[in-house]
Structure formats: C-alpha cells, structure tokens
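K.L.:
Hey, dropping structure_33.cif in here, mmCIF, N, CA and C atoms:
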```
data_protein
#
loop_
_atom_site.label_atom_id
_atom_site.label_comp_id
_atom_site.auth_asym_id
_atom_site.auth_seq_id
_atom_site.Cartn_x
_atom_site.Cartn_y
_atom_site.Cartn_z
N MET A 15 -5.71 -7.96 5.23
CA MET A 15 -6.38 -6.72 4.97
C MET A 15 -5.58 -5.59 5.61
N SER A 16 -5.49 -4.50 4.92
CA SER A 16 -4.82 -3.32 5.45
C SER A 16 -5.52 -2.09 4.90
N ASP A 17 -5.09 -0.95 5.37
CA ASP A 17 -5.65 0.31 4.90
C ASP A 17 -4.51 1.23 4.53
N TRP A 18 -4.69 1.95 3.44
CA TRP A 18 -3.75 2.97 3.01
C TRP A 18 -4.30 4.33 3.39
N PHE A 19 -3.42 5.21 3.83
CA PHE A 19 -3.81 6.57 4.22
C PHE A 19 -2.89 7.58 3.58
N LEU A 20 -3.46 8.69 3.12
CA LEU A 20 -2.65 9.83 2.71
C LEU A 20 -2.41 10.64 3.97
N ALA A 21 -1.23 10.50 4.51
CA ALA A 21 -0.94 11.14 5.79
C ALA A 21 0.56 11.36 5.92
N PRO A 22 0.94 12.42 6.61
CA PRO A 22 2.37 12.61 6.86
C PRO A 22 2.87 11.55 7.84
N GLU A 23 4.14 11.25 7.77
CA GLU A 23 4.72 10.25 8.66
C GLU A 23 4.52 10.63 10.13
N SER A 24 4.43 11.91 10.41
CA SER A 24 4.24 12.37 11.79
C SER A 24 2.89 11.95 12.37
N ASP A 25 1.96 11.51 11.51
CA ASP A 25 0.65 11.04 11.97
C ASP A 25 0.60 9.54 12.23
N ALA A 26 1.71 8.85 12.05
CA ALA A 26 1.72 7.38 12.19
C ALA A 26 1.23 6.93 13.56
N ASP A 27 1.68 7.59 14.63
CA ASP A 27 1.24 7.20 15.97
C ASP A 27 -0.26 7.42 16.14
N ASP A 28 -0.79 8.47 15.52
CA ASP A 28 -2.24 8.72 15.60
C ASP A 28 -3.04 7.65 14.87
N LEU A 29 -2.48 7.11 13.80
CA LEU A 29 -3.18 6.05 13.06
C LEU A 29 -3.34 4.79 13.89
N VAL A 30 -2.32 4.41 14.65
CA VAL A 30 -2.41 3.20 15.46
C VAL A 30 -2.98 3.46 16.84
N GLY A 31 -2.93 4.70 17.29
CA GLY A 31 -3.31 5.01 18.67
C GLY A 31 -4.79 5.03 18.94
N GLY A 32 -5.60 5.32 17.94
CA GLY A 32 -7.04 5.32 18.14
C GLY A 32 -7.61 6.58 18.76
N GLU A 33 -6.79 7.60 19.03
CA GLU A 33 -7.31 8.82 19.61
C GLU A 33 -8.04 9.68 18.57
N ARG A 34 -7.70 9.50 17.33
CA ARG A 34 -8.34 10.25 16.24
C ARG A 34 -9.10 9.28 15.35
N SER A 35 -10.16 9.77 14.75
CA SER A 35 -10.92 8.96 13.81
C SER A 35 -10.11 8.73 12.54
N LEU A 36 -10.11 7.51 12.06
CA LEU A 36 -9.39 7.20 10.83
C LEU A 36 -10.00 7.91 9.63
N ASP A 37 -11.22 8.38 9.76
CA ASP A 37 -11.87 9.11 8.68
C ASP A 37 -11.29 10.51 8.49
N GLU A 38 -10.39 10.93 9.38
CA GLU A 38 -9.77 12.24 9.25
C GLU A 38 -8.78 12.29 8.08
N TRP A 39 -8.33 11.12 7.62
CA TRP A 39 -7.38 11.05 6.53
C TRP A 39 -8.05 10.39 5.32
N PRO A 40 -7.73 10.84 4.11
CA PRO A 40 -8.19 10.09 2.93
C PRO A 40 -7.61 8.68 3.03
N HIS A 41 -8.43 7.66 2.80
CA HIS A 41 -7.93 6.29 2.94
C HIS A 41 -8.61 5.34 1.98
N LEU A 42 -8.00 4.20 1.84
CA LEU A 42 -8.48 3.14 0.96
C LEU A 42 -8.28 1.81 1.67
N SER A 43 -9.33 1.03 1.76
CA SER A 43 -9.21 -0.33 2.31
C SER A 43 -8.63 -1.22 1.22
N VAL A 44 -7.60 -1.96 1.58
CA VAL A 44 -6.88 -2.79 0.63
C VAL A 44 -7.08 -4.26 1.04
N PRO A 45 -7.77 -5.03 0.19
CA PRO A 45 -8.07 -6.42 0.55
C PRO A 45 -6.91 -7.39 0.29
N LEU A 46 -5.73 -7.00 0.71
CA LEU A 46 -4.53 -7.81 0.46
C LEU A 46 -3.72 -7.95 1.73
N ARG A 47 -3.03 -9.08 1.84
CA ARG A 47 -2.10 -9.30 2.95
C ARG A 47 -0.80 -8.53 2.67
N ARG A 48 -0.03 -8.32 3.73
CA ARG A 48 1.24 -7.61 3.57
C ARG A 48 2.14 -8.32 2.57
N SER A 49 2.14 -9.64 2.58
CA SER A 49 3.00 -10.39 1.65
C SER A 49 2.57 -10.16 0.20
N GLU A 50 1.27 -10.05 -0.04
CA GLU A 50 0.78 -9.79 -1.40
C GLU A 50 1.15 -8.38 -1.85
N LEU A 51 1.10 -7.43 -0.91
CA LEU A 51 1.51 -6.07 -1.24
C LEU A 51 3.02 -6.01 -1.49
N ALA A 52 3.81 -6.71 -0.71
CA ALA A 52 5.25 -6.74 -0.93
C ALA A 52 5.57 -7.30 -2.31
N ALA A 53 4.83 -8.33 -2.73
CA ALA A 53 5.02 -8.90 -4.07
C ALA A 53 4.63 -7.89 -5.14
N LEU A 54 3.60 -7.09 -4.88
CA LEU A 54 3.21 -6.05 -5.83
C LEU A 54 4.32 -5.01 -5.95
N TYR A 55 4.88 -4.57 -4.83
CA TYR A 55 5.95 -3.57 -4.88
C TYR A 55 7.12 -4.09 -5.70
N THR A 56 7.44 -5.36 -5.54
CA THR A 56 8.53 -5.96 -6.32
C THR A 56 8.17 -6.00 -7.80
N ALA A 57 6.92 -6.35 -8.12
CA ALA A 57 6.48 -6.39 -9.52
C ALA A 57 6.50 -5.00 -10.15
N LEU A 58 6.21 -3.99 -9.36
CA LEU A 58 6.21 -2.62 -9.87
C LEU A 58 7.61 -2.09 -10.14
N THR A 59 8.54 -2.43 -9.26
CA THR A 59 9.86 -1.81 -9.32
C THR A 59 10.94 -2.71 -9.91
N ASP A 60 10.62 -3.98 -10.15
CA ASP A 60 11.60 -4.95 -10.64
C ASP A 60 12.79 -5.06 -9.70
N GLY A 61 12.59 -4.69 -8.45
CA GLY A 61 13.68 -4.76 -7.48
C GLY A 61 13.44 -5.87 -6.49
N PRO A 62 14.38 -6.02 -5.57
CA PRO A 62 14.21 -7.04 -4.54
C PRO A 62 13.08 -6.66 -3.60
N ALA A 63 12.46 -7.65 -3.02
CA ALA A 63 11.37 -7.41 -2.07
C ALA A 63 11.95 -6.87 -0.77
N ASP A 64 11.65 -5.62 -0.48
CA ASP A 64 12.06 -5.03 0.79
C ASP A 64 10.97 -5.30 1.81
N ASP A 65 11.39 -5.60 3.01
CA ASP A 65 10.43 -5.80 4.08
C ASP A 65 10.04 -4.43 4.62
N PRO A 66 8.74 -4.02 4.44
CA PRO A 66 8.34 -2.69 4.91
C PRO A 66 8.42 -2.55 6.42
N ARG A 67 8.60 -3.68 7.13
CA ARG A 67 8.73 -3.60 8.58
C ARG A 67 10.17 -3.33 9.00
N ALA A 68 11.08 -3.27 8.03
CA ALA A 68 12.47 -2.95 8.34
C ALA A 68 12.52 -1.57 9.00
N PRO A 69 13.56 -1.29 9.78
CA PRO A 69 13.60 -0.03 10.51
C PRO A 69 13.33 1.22 9.67
N ALA A 70 13.74 1.23 8.41
CA ALA A 70 13.52 2.41 7.58
C ALA A 70 12.05 2.59 7.22
N GLY A 71 11.27 1.51 7.18
CA GLY A 71 9.88 1.61 6.75
C GLY A 71 8.87 1.57 7.88
N LEU A 72 9.25 1.06 9.02
CA LEU A 72 8.34 0.94 10.15
C LEU A 72 8.22 2.28 10.85
N LEU A 73 6.98 2.77 10.97
CA LEU A 73 6.77 4.10 11.55
C LEU A 73 6.14 4.07 12.93
N ALA A 74 5.27 3.09 13.20
CA ALA A 74 4.60 3.03 14.50
C ALA A 74 4.12 1.61 14.75
N VAL A 75 4.07 1.25 16.04
CA VAL A 75 3.60 -0.06 16.47
C VAL A 75 2.66 0.13 17.64
N GLU A 76 1.56 -0.58 17.61
CA GLU A 76 0.66 -0.64 18.77
C GLU A 76 0.57 -2.10 19.13
N ALA A 77 1.41 -2.52 20.09
CA ALA A 77 1.55 -3.94 20.42
C ALA A 77 0.26 -4.54 20.96
N GLU A 78 -0.45 -3.82 21.80
CA GLU A 78 -1.68 -4.38 22.38
C GLU A 78 -2.74 -4.64 21.33
N ALA A 79 -2.83 -3.76 20.35
CA ALA A 79 -3.81 -3.93 19.27
C ALA A 79 -3.27 -4.79 18.14
N GLY A 80 -1.95 -5.03 18.13
CA GLY A 80 -1.35 -5.83 17.07
C GLY A 80 -1.32 -5.11 15.74
N LEU A 81 -1.08 -3.79 15.76
CA LEU A 81 -1.09 -2.99 14.54
C LEU A 81 0.26 -2.34 14.30
N ILE A 82 0.58 -2.19 13.01
CA ILE A 82 1.78 -1.46 12.63
C ILE A 82 1.42 -0.46 11.54
N VAL A 83 2.22 0.59 11.46
CA VAL A 83 2.11 1.55 10.36
C VAL A 83 3.46 1.57 9.66
N THR A 84 3.42 1.39 8.35
CA THR A 84 4.61 1.44 7.53
C THR A 84 4.36 2.43 6.40
N ARG A 85 5.42 2.85 5.77
CA ARG A 85 5.29 3.72 4.61
C ARG A 85 5.35 2.86 3.36
N VAL A 86 4.39 3.07 2.46
CA VAL A 86 4.43 2.38 1.18
C VAL A 86 5.64 2.94 0.42
N PRO A 87 6.49 2.08 -0.12
CA PRO A 87 7.70 2.57 -0.79
C PRO A 87 7.40 3.63 -1.85
N ALA A 88 8.12 4.74 -1.77
CA ALA A 88 7.89 5.87 -2.68
C ALA A 88 8.02 5.46 -4.14
N GLU A 89 8.99 4.61 -4.45
CA GLU A 89 9.18 4.18 -5.83
C GLU A 89 7.97 3.40 -6.34
N ALA A 90 7.38 2.57 -5.49
CA ALA A 90 6.18 1.82 -5.88
C ALA A 90 5.01 2.77 -6.11
N VAL A 91 4.88 3.78 -5.26
CA VAL A 91 3.80 4.77 -5.42
C VAL A 91 3.96 5.51 -6.74
N GLU A 92 5.18 5.90 -7.07
CA GLU A 92 5.44 6.61 -8.33
C GLU A 92 5.04 5.77 -9.53
N VAL A 93 5.43 4.51 -9.52
CA VAL A 93 5.10 3.63 -10.65
C VAL A 93 3.60 3.39 -10.71
N LEU A 94 2.98 3.15 -9.57
CA LEU A 94 1.52 2.97 -9.54
C LEU A 94 0.80 4.18 -10.12
N ALA A 95 1.25 5.37 -9.74
CA ALA A 95 0.60 6.60 -10.19
C ALA A 95 0.67 6.78 -11.70
N GLU A 96 1.68 6.19 -12.32
CA GLU A 96 1.86 6.34 -13.76
C GLU A 96 1.32 5.17 -14.58
N LEU A 97 0.72 4.18 -13.91
CA LEU A 97 0.21 3.01 -14.64
C LEU A 97 -0.87 3.39 -15.63
N THR A 98 -0.82 2.73 -16.77
CA THR A 98 -1.86 2.84 -17.79
C THR A 98 -2.35 1.42 -18.06
N PRO A 99 -3.47 1.27 -18.75
CA PRO A 99 -3.91 -0.10 -19.05
C PRO A 99 -2.83 -0.92 -19.76
N ARG A 100 -2.05 -0.28 -20.61
CA ARG A 100 -1.01 -1.01 -21.35
C ARG A 100 0.15 -1.41 -20.44
N THR A 101 0.56 -0.53 -19.54
CA THR A 101 1.69 -0.85 -18.67
C THR A 101 1.28 -1.71 -17.48
N ALA A 102 -0.02 -1.76 -17.19
CA ALA A 102 -0.50 -2.55 -16.06
C ALA A 102 -0.45 -4.05 -16.35
N ALA A 103 -0.64 -4.45 -17.59
CA ALA A 103 -0.71 -5.88 -17.93
C ALA A 103 0.54 -6.65 -17.50
N PRO A 104 1.75 -6.20 -17.82
CA PRO A 104 2.91 -6.97 -17.39
C PRO A 104 3.09 -6.95 -15.87
N VAL A 105 2.71 -5.86 -15.22
CA VAL A 105 2.79 -5.80 -13.75
C VAL A 105 1.85 -6.83 -13.16
N MET A 106 0.61 -6.89 -13.68
CA MET A 106 -0.36 -7.87 -13.18
C MET A 106 0.15 -9.29 -13.38
N ALA A 107 0.77 -9.55 -14.51
CA ALA A 107 1.28 -10.89 -14.78
C ALA A 107 2.39 -11.27 -13.79
N ARG A 108 3.35 -10.36 -13.57
CA ARG A 108 4.45 -10.64 -12.62
C ARG A 108 3.90 -10.81 -11.20
N TRP A 109 2.98 -9.93 -10.82
CA TRP A 109 2.40 -9.97 -9.49
C TRP A 109 1.62 -11.26 -9.28
N SER A 110 0.79 -11.62 -10.27
CA SER A 110 -0.02 -12.83 -10.19
C SER A 110 0.86 -14.06 -10.04
N GLU A 111 1.95 -14.11 -10.79
CA GLU A 111 2.86 -15.25 -10.69
C GLU A 111 3.53 -15.30 -9.32
N ALA A 112 3.91 -14.15 -8.80
CA ALA A 112 4.60 -14.10 -7.51
C ALA A 112 3.72 -14.56 -6.35
N ILE A 113 2.42 -14.31 -6.44
CA ILE A 113 1.53 -14.71 -5.34
C ILE A 113 0.73 -15.96 -5.68
N ALA A 114 1.09 -16.61 -6.79
CA ALA A 114 0.43 -17.84 -7.24
C ALA A 114 -1.08 -17.65 -7.37
N HIS A 115 -1.44 -16.54 -7.98
CA HIS A 115 -2.85 -16.23 -8.24
C HIS A 115 -3.14 -16.68 -9.66
N ASP A 116 -4.14 -17.51 -9.85
CA ASP A 116 -4.37 -18.09 -11.17
C ASP A 116 -5.23 -17.24 -12.10
N GLU A 117 -5.66 -16.06 -11.67
CA GLU A 117 -6.46 -15.18 -12.53
C GLU A 117 -5.91 -13.76 -12.47
N PRO A 118 -4.88 -13.45 -13.29
CA PRO A 118 -4.29 -12.12 -13.22
C PRO A 118 -5.28 -11.00 -13.49
N ASP A 119 -6.28 -11.25 -14.33
CA ASP A 119 -7.24 -10.19 -14.63
C ASP A 119 -8.07 -9.81 -13.40
N ALA A 120 -8.25 -10.74 -12.48
CA ALA A 120 -9.01 -10.44 -11.26
C ALA A 120 -8.28 -9.43 -10.40
N LEU A 121 -6.97 -9.36 -10.56
CA LEU A 121 -6.18 -8.39 -9.81
C LEU A 121 -6.29 -6.99 -10.42
N GLY A 122 -6.82 -6.90 -11.62
CA GLY A 122 -6.90 -5.63 -12.33
C GLY A 122 -7.69 -4.57 -11.60
N GLU A 123 -8.82 -4.94 -11.03
CA GLU A 123 -9.65 -3.96 -10.32
C GLU A 123 -8.92 -3.42 -9.08
N ILE A 124 -8.28 -4.32 -8.35
CA ILE A 124 -7.52 -3.88 -7.17
C ILE A 124 -6.38 -2.97 -7.60
N LEU A 125 -5.66 -3.37 -8.63
CA LEU A 125 -4.54 -2.56 -9.12
C LEU A 125 -5.02 -1.19 -9.57
N SER A 126 -6.17 -1.13 -10.21
CA SER A 126 -6.73 0.14 -10.65
C SER A 126 -7.04 1.06 -9.47
N GLU A 127 -7.60 0.51 -8.41
CA GLU A 127 -7.90 1.31 -7.21
C GLU A 127 -6.62 1.81 -6.55
N LEU A 128 -5.62 0.94 -6.47
CA LEU A 128 -4.35 1.33 -5.88
C LEU A 128 -3.67 2.41 -6.71
N ALA A 129 -3.76 2.29 -8.03
CA ALA A 129 -3.16 3.29 -8.91
C ALA A 129 -3.85 4.64 -8.75
N ALA A 130 -5.17 4.64 -8.64
CA ALA A 130 -5.90 5.90 -8.46
C ALA A 130 -5.50 6.55 -7.13
N PHE A 131 -5.35 5.75 -6.09
CA PHE A 131 -4.96 6.29 -4.78
C PHE A 131 -3.53 6.83 -4.85
N ALA A 132 -2.65 6.14 -5.58
CA ALA A 132 -1.28 6.61 -5.76
C ALA A 132 -1.26 7.94 -6.50
N ARG A 133 -2.14 8.11 -7.49
CA ARG A 133 -2.22 9.39 -8.18
C ARG A 133 -2.67 10.49 -7.23
N ASP A 134 -3.62 10.17 -6.34
CA ASP A 134 -4.03 11.15 -5.32
C ASP A 134 -2.85 11.53 -4.44
N SER A 135 -2.04 10.55 -4.07
CA SER A 135 -0.86 10.79 -3.23
C SER A 135 0.11 11.73 -3.94
N THR A 136 0.36 11.45 -5.20
CA THR A 136 1.28 12.27 -5.98
C THR A 136 0.76 13.69 -6.12
N THR A 137 -0.51 13.82 -6.42
CA THR A 137 -1.12 15.14 -6.58
C THR A 137 -1.07 15.93 -5.28
N ALA A 138 -1.36 15.26 -4.17
CA ALA A 138 -1.38 15.93 -2.87
C ALA A 138 0.03 16.13 -2.30
N GLY A 139 1.01 15.44 -2.85
CA GLY A 139 2.37 15.53 -2.33
C GLY A 139 2.50 14.92 -0.94
N ARG A 140 1.69 13.88 -0.67
CA ARG A 140 1.72 13.21 0.62
C ARG A 140 2.07 11.74 0.44
N PRO A 141 2.80 11.17 1.38
CA PRO A 141 3.12 9.75 1.27
C PRO A 141 1.88 8.90 1.58
N ILE A 142 1.98 7.63 1.25
CA ILE A 142 0.95 6.67 1.62
C ILE A 142 1.47 5.86 2.79
N LEU A 143 0.71 5.88 3.88
CA LEU A 143 1.03 5.07 5.04
C LEU A 143 0.09 3.89 5.08
N GLN A 144 0.61 2.74 5.45
CA GLN A 144 -0.20 1.52 5.50
C GLN A 144 -0.39 1.09 6.95
N LEU A 145 -1.63 0.90 7.33
CA LEU A 145 -2.00 0.40 8.66
C LEU A 145 -2.42 -1.04 8.48
N ALA A 146 -1.77 -1.93 9.22
CA ALA A 146 -2.08 -3.37 9.07
C ALA A 146 -1.83 -4.10 10.39
N ALA A 147 -2.48 -5.23 10.49
CA ALA A 147 -2.23 -6.11 11.63
C ALA A 147 -0.92 -6.84 11.40
N TYR A 148 -0.26 -7.19 12.50
CA TYR A 148 0.97 -7.98 12.34
C TYR A 148 0.83 -9.30 13.01
#
```
Would it be possible to restate this file's structure as structure tokens?

P.N.:
Amino acid sequence: MSDWFLAPESDADDLVGGERSLDEWPHLSVPLRRSELAALYTALTDGPADDPRAPAGLLAVEAEAGLIVTRVPAEAVEVLAELTPRTAAPVMARWSEAIAHDEPDALGEILSELAAFARDSTTAGRPILQLAAY
C-alpha cells in the first residue's frame, strides 16, 4: 500500500516527517505494492523497469518509520493522464501479465483512479510523489 500526493519535490521531507498533516496535499491511497506499481510504469511506457528508489527518484527517507518518498516517473504520469478506455485495455493486459494477476479487468478500476489522479497532476502542473513503506 502506498499513497500518491500532488506535491512539489521540496515537500518530500514533510511527507515522511509527520510535522504536517497529510491532508494538506491532494492525495490518493493506492492499494498496490511498489513492485506492482513498477510493473505498471513499465506497461505504460514500454520501457525497462526503473527502480524508483534509485538516486534520481528517491526524494526522502524516514528510517525510523520505514518510509520513503519517491517521484512517480513523469513519463508514466503523462501516459496515465491520456488513457482512454480503448488505450487502457492493452496496458491492463501487459500489467496483469507482469504481476501474474489472473483478472486484468479487476485492475481496471484501480487504473481508472490512477489515470484520474494523473490528469489532476497534469492540470495542476505538479508532480506525483509516492509515500510508501520500505
């Protein structure tokens, strides 16, 4: 489980630090593990799976709480924001196969929510930061 936030990268420490309420940022609870999200990013971009914890993507760490903040890849956000029912079907199929999920249609609702949040990100001109346990 992780959470997506529309927040500038400069807020990453605040997301893991707990000094500010997480309700201060628009957010979406994502019922997926980091590995499932990484597989989605690959399905969206047809590229190699990048580890969002790599130095370029890792924004903040709270070791005591076991939390990290990473940036959702901009290319994945762009593709998500432009998804339509017709273009979502092949993405769901690739994603479902990558995570060995036997019901690709069940992923449709999650993908729809992620796409709507990506559209909000694009409209607001803000990146999506992901807060997750490590």

K.L.:
Do a neighbour search on Pro40 in chain A at 5 Å with only N, CA and C atoms, toss out local chain neighbours closer than 2 positions, and write the hits as a VMD selection string.

P.N.:
chain A and resid 19 to 20 38 42

K.L.:
Mind checking which residues fall within 8 Å of Thr136 in chain A, counting only C-alpha atoms, ignoring those fewer than 3 positions away in the same chain, and posting them as a compact mmCIF listing (two decimals) with N, CA and C atoms, in the coordinates of the input?

P.N.:
```
# COMPACT_ATOMS: atom_id res chain seq x y z
N VAL A 91 4.88 3.78 -5.26
CA VAL A 91 3.80 4.77 -5.42
C VAL A 91 3.96 5.51 -6.74
N GLU A 92 5.18 5.90 -7.07
CA GLU A 92 5.44 6.61 -8.33
C GLU A 92 5.04 5.77 -9.53
N ALA A 95 1.25 5.37 -9.74
CA ALA A 95 0.60 6.60 -10.19
C ALA A 95 0.67 6.78 -11.70
N ALA A 132 -2.65 6.14 -5.58
CA ALA A 132 -1.28 6.61 -5.76
C ALA A 132 -1.26 7.94 -6.50
N ARG A 133 -2.14 8.11 -7.49
CA ARG A 133 -2.22 9.39 -8.18
C ARG A 133 -2.67 10.49 -7.23
N GLY A 139 1.01 15.44 -2.85
CA GLY A 139 2.37 15.53 -2.33
C GLY A 139 2.50 14.92 -0.94
N ARG A 140 1.69 13.88 -0.67
CA ARG A 140 1.72 13.21 0.62
C ARG A 140 2.07 11.74 0.44
N PRO A 141 2.80 11.17 1.38
CA PRO A 141 3.12 9.75 1.27
C PRO A 141 1.88 8.90 1.58
```

K.L.:
Dig up all the protein and nucleic acid residues within 6 Å of (2.6, -9.4, -9.4) in the file frame, using only N, CA and C atoms, and format them as a count of residues only.

P.N.:
12

K.L.:
I need the alpha helix (DSSP H) residues of range 21-126 of chain A per DSSP on the backbone, written as a PyMOL selection string.

P.N.:
chain A and resi 26-31+48-59+88-95+99-112+121-126

K.L.:
For the atom pair CA of Ala26 in chain A and CA of Leu143 in chain A, what is the interatomic distance in Å to one decimal place?

P.N.:
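Those two atoms sit 7.5 Å apart.
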
K.L.:
Quote the spacing between CA of Ser126 in chain A and CA of Leu72 in chain A in Å to one decimal place.

P.N.:
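Straight-line distance from CA of Ser126 in chain A to CA of Leu72 in chain A works out to 25.7 Å.
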
K.L.:
What does the distance from atom C of Gly31 in chain A to CA of Ala79 in chain A come to in Å, to one decimal?

P.N.:
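It comes out at 9.0 Å.
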
K.L.:
Write down as a ChimeraX atom specification the residues belonging to chain A that are assigned strand (DSSP E or B) by DSSP computed on the backbone.

P.N.:
/A:16-20,41-44,72-76,81-85,142-147

K.L.:
A:Ala90, A:Ala138, A:Leu145, A:Ala102: which is nearest Ile124 in chain A, counting only C-alpha atoms?

P.N.:
A:Ala102

K.L.:
Check which residues satisfy the PyMOL selection byres ((chain A and resi 81-85) around 7) in the file shown, then give them as a list in words.

P.N.:
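So the PyMOL selection byres ((chain A and resi 81-85) around 7) ends up selecting Ala26, Val30, Pro66, Arg67, Ala70, Gly71, Leu72, Leu73, Ala74, Val75, Glu76, Ala77, Glu78, Ala79, Gly80, Val86, Pro87, Ala88, Pro141, Ile142, Leu143, Gln144, Leu145, Ala146, Ala147 and Tyr148 of chain A.
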
K.L.:
Which protein, DNA or RNA residues are at most 10 Å from (8.7, 4.1, -15.0) in the file's coordinates when you count only C-alpha atoms, listed as a list in words?

P.N.:
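Answer for this query, in the requested form: Leu58, Thr59, Glu89, Ala90, Glu92, Val93, Leu94, Ala95, Glu96, Leu97 and Thr101 of chain A.
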
K.L.:
Please enumerate the residues selected by the PyMOL selection byres ((chain A and resi 16) around 5) when evaluated against the supplied file, formatted as a list in words.

P.N.:
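Going through the file, the PyMOL selection byres ((chain A and resi 16) around 5) ends up selecting Met15, Asp17, Trp18, Ser43, Val44, Leu46, Leu145 and Ala146 of chain A.
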
K.L.:
Have range 132-139 of chain A completed to all heavy atoms, please, and pass it along as a PDB file, in the frame of the given file.

P.N.:
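In the end it all went to part32.pdb:
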```
ATOM      1  N   ALA A 132      -2.650   6.140  -5.580  1.00  0.00           N
ATOM      2  CA  ALA A 132      -1.280   6.610  -5.760  1.00  0.00           C
ATOM      3  C   ALA A 132      -1.260   7.940  -6.500  1.00  0.00           C
ATOM      4  O   ALA A 132      -0.452   8.823  -6.179  1.00  0.00           O
ATOM      5  CB  ALA A 132      -0.447   5.560  -6.486  1.00  0.00           C
ATOM      6  N   ARG A 133      -2.140   8.110  -7.490  1.00  0.00           N
ATOM      7  CA  ARG A 133      -2.220   9.390  -8.180  1.00  0.00           C
ATOM      8  C   ARG A 133      -2.670  10.490  -7.230  1.00  0.00           C
ATOM      9  O   ARG A 133      -2.151  11.615  -7.264  1.00  0.00           O
ATOM     10  CB  ARG A 133      -3.157   9.293  -9.391  1.00  0.00           C
ATOM     11  CG  ARG A 133      -2.527   8.563 -10.573  1.00  0.00           C
ATOM     12  CD  ARG A 133      -3.368   8.651 -11.830  1.00  0.00           C
ATOM     13  NE  ARG A 133      -4.562   7.818 -11.767  1.00  0.00           N
ATOM     14  CZ  ARG A 133      -4.589   6.509 -12.016  1.00  0.00           C
ATOM     15  NH1 ARG A 133      -3.476   5.868 -12.339  1.00  0.00           N
ATOM     16  NH2 ARG A 133      -5.716   5.837 -11.944  1.00  0.00           N
ATOM     17  N   ASP A 134      -3.620  10.170  -6.340  1.00  0.00           N
ATOM     18  CA  ASP A 134      -4.030  11.150  -5.320  1.00  0.00           C
ATOM     19  C   ASP A 134      -2.850  11.530  -4.440  1.00  0.00           C
ATOM     20  O   ASP A 134      -2.674  12.697  -4.085  1.00  0.00           O
ATOM     21  CB  ASP A 134      -5.158  10.579  -4.447  1.00  0.00           C
ATOM     22  CG  ASP A 134      -6.470  10.414  -5.187  1.00  0.00           C
ATOM     23  OD1 ASP A 134      -6.620  10.971  -6.299  1.00  0.00           O
ATOM     24  OD2 ASP A 134      -7.352   9.714  -4.652  1.00  0.00           O
ATOM     25  N   SER A 135      -2.040  10.550  -4.070  1.00  0.00           N
ATOM     26  CA  SER A 135      -0.860  10.790  -3.230  1.00  0.00           C
ATOM     27  C   SER A 135       0.110  11.730  -3.940  1.00  0.00           C
ATOM     28  O   SER A 135       0.622  12.685  -3.336  1.00  0.00           O
ATOM     29  CB  SER A 135      -0.166   9.463  -2.912  1.00  0.00           C
ATOM     30  OG  SER A 135       1.098   9.660  -2.346  1.00  0.00           O
ATOM     31  N   THR A 136       0.360  11.450  -5.200  1.00  0.00           N
ATOM     32  CA  THR A 136       1.280  12.270  -5.980  1.00  0.00           C
ATOM     33  C   THR A 136       0.760  13.690  -6.120  1.00  0.00           C
ATOM     34  O   THR A 136       1.506  14.658  -5.945  1.00  0.00           O
ATOM     35  CB  THR A 136       1.511  11.621  -7.356  1.00  0.00           C
ATOM     36  OG1 THR A 136       2.025  10.299  -7.160  1.00  0.00           O
ATOM     37  CG2 THR A 136       2.491  12.414  -8.194  1.00  0.00           C
ATOM     38  N   THR A 137      -0.510  13.820  -6.420  1.00  0.00           N
ATOM     39  CA  THR A 137      -1.120  15.140  -6.580  1.00  0.00           C
ATOM     40  C   THR A 137      -1.070  15.930  -5.280  1.00  0.00           C
ATOM     41  O   THR A 137      -0.764  17.129  -5.279  1.00  0.00           O
ATOM     42  CB  THR A 137      -2.592  15.007  -7.054  1.00  0.00           C
ATOM     43  OG1 THR A 137      -2.598  14.321  -8.315  1.00  0.00           O
ATOM     44  CG2 THR A 137      -3.254  16.362  -7.214  1.00  0.00           C
ATOM     45  N   ALA A 138      -1.360  15.260  -4.170  1.00  0.00           N
ATOM     46  CA  ALA A 138      -1.380  15.930  -2.870  1.00  0.00           C
ATOM     47  C   ALA A 138       0.030  16.130  -2.300  1.00  0.00           C
ATOM     48  O   ALA A 138       0.209  16.910  -1.351  1.00  0.00           O
ATOM     49  CB  ALA A 138      -2.210  15.118  -1.878  1.00  0.00           C
ATOM     50  N   GLY A 139       1.010  15.440  -2.850  1.00  0.00           N
ATOM     51  CA  GLY A 139       2.370  15.530  -2.330  1.00  0.00           C
ATOM     52  C   GLY A 139       2.500  14.920  -0.940  1.00  0.00           C
ATOM     53  O   GLY A 139       3.299  15.361  -0.126  1.00  0.00           O
TER      54      GLY A 139
END
```
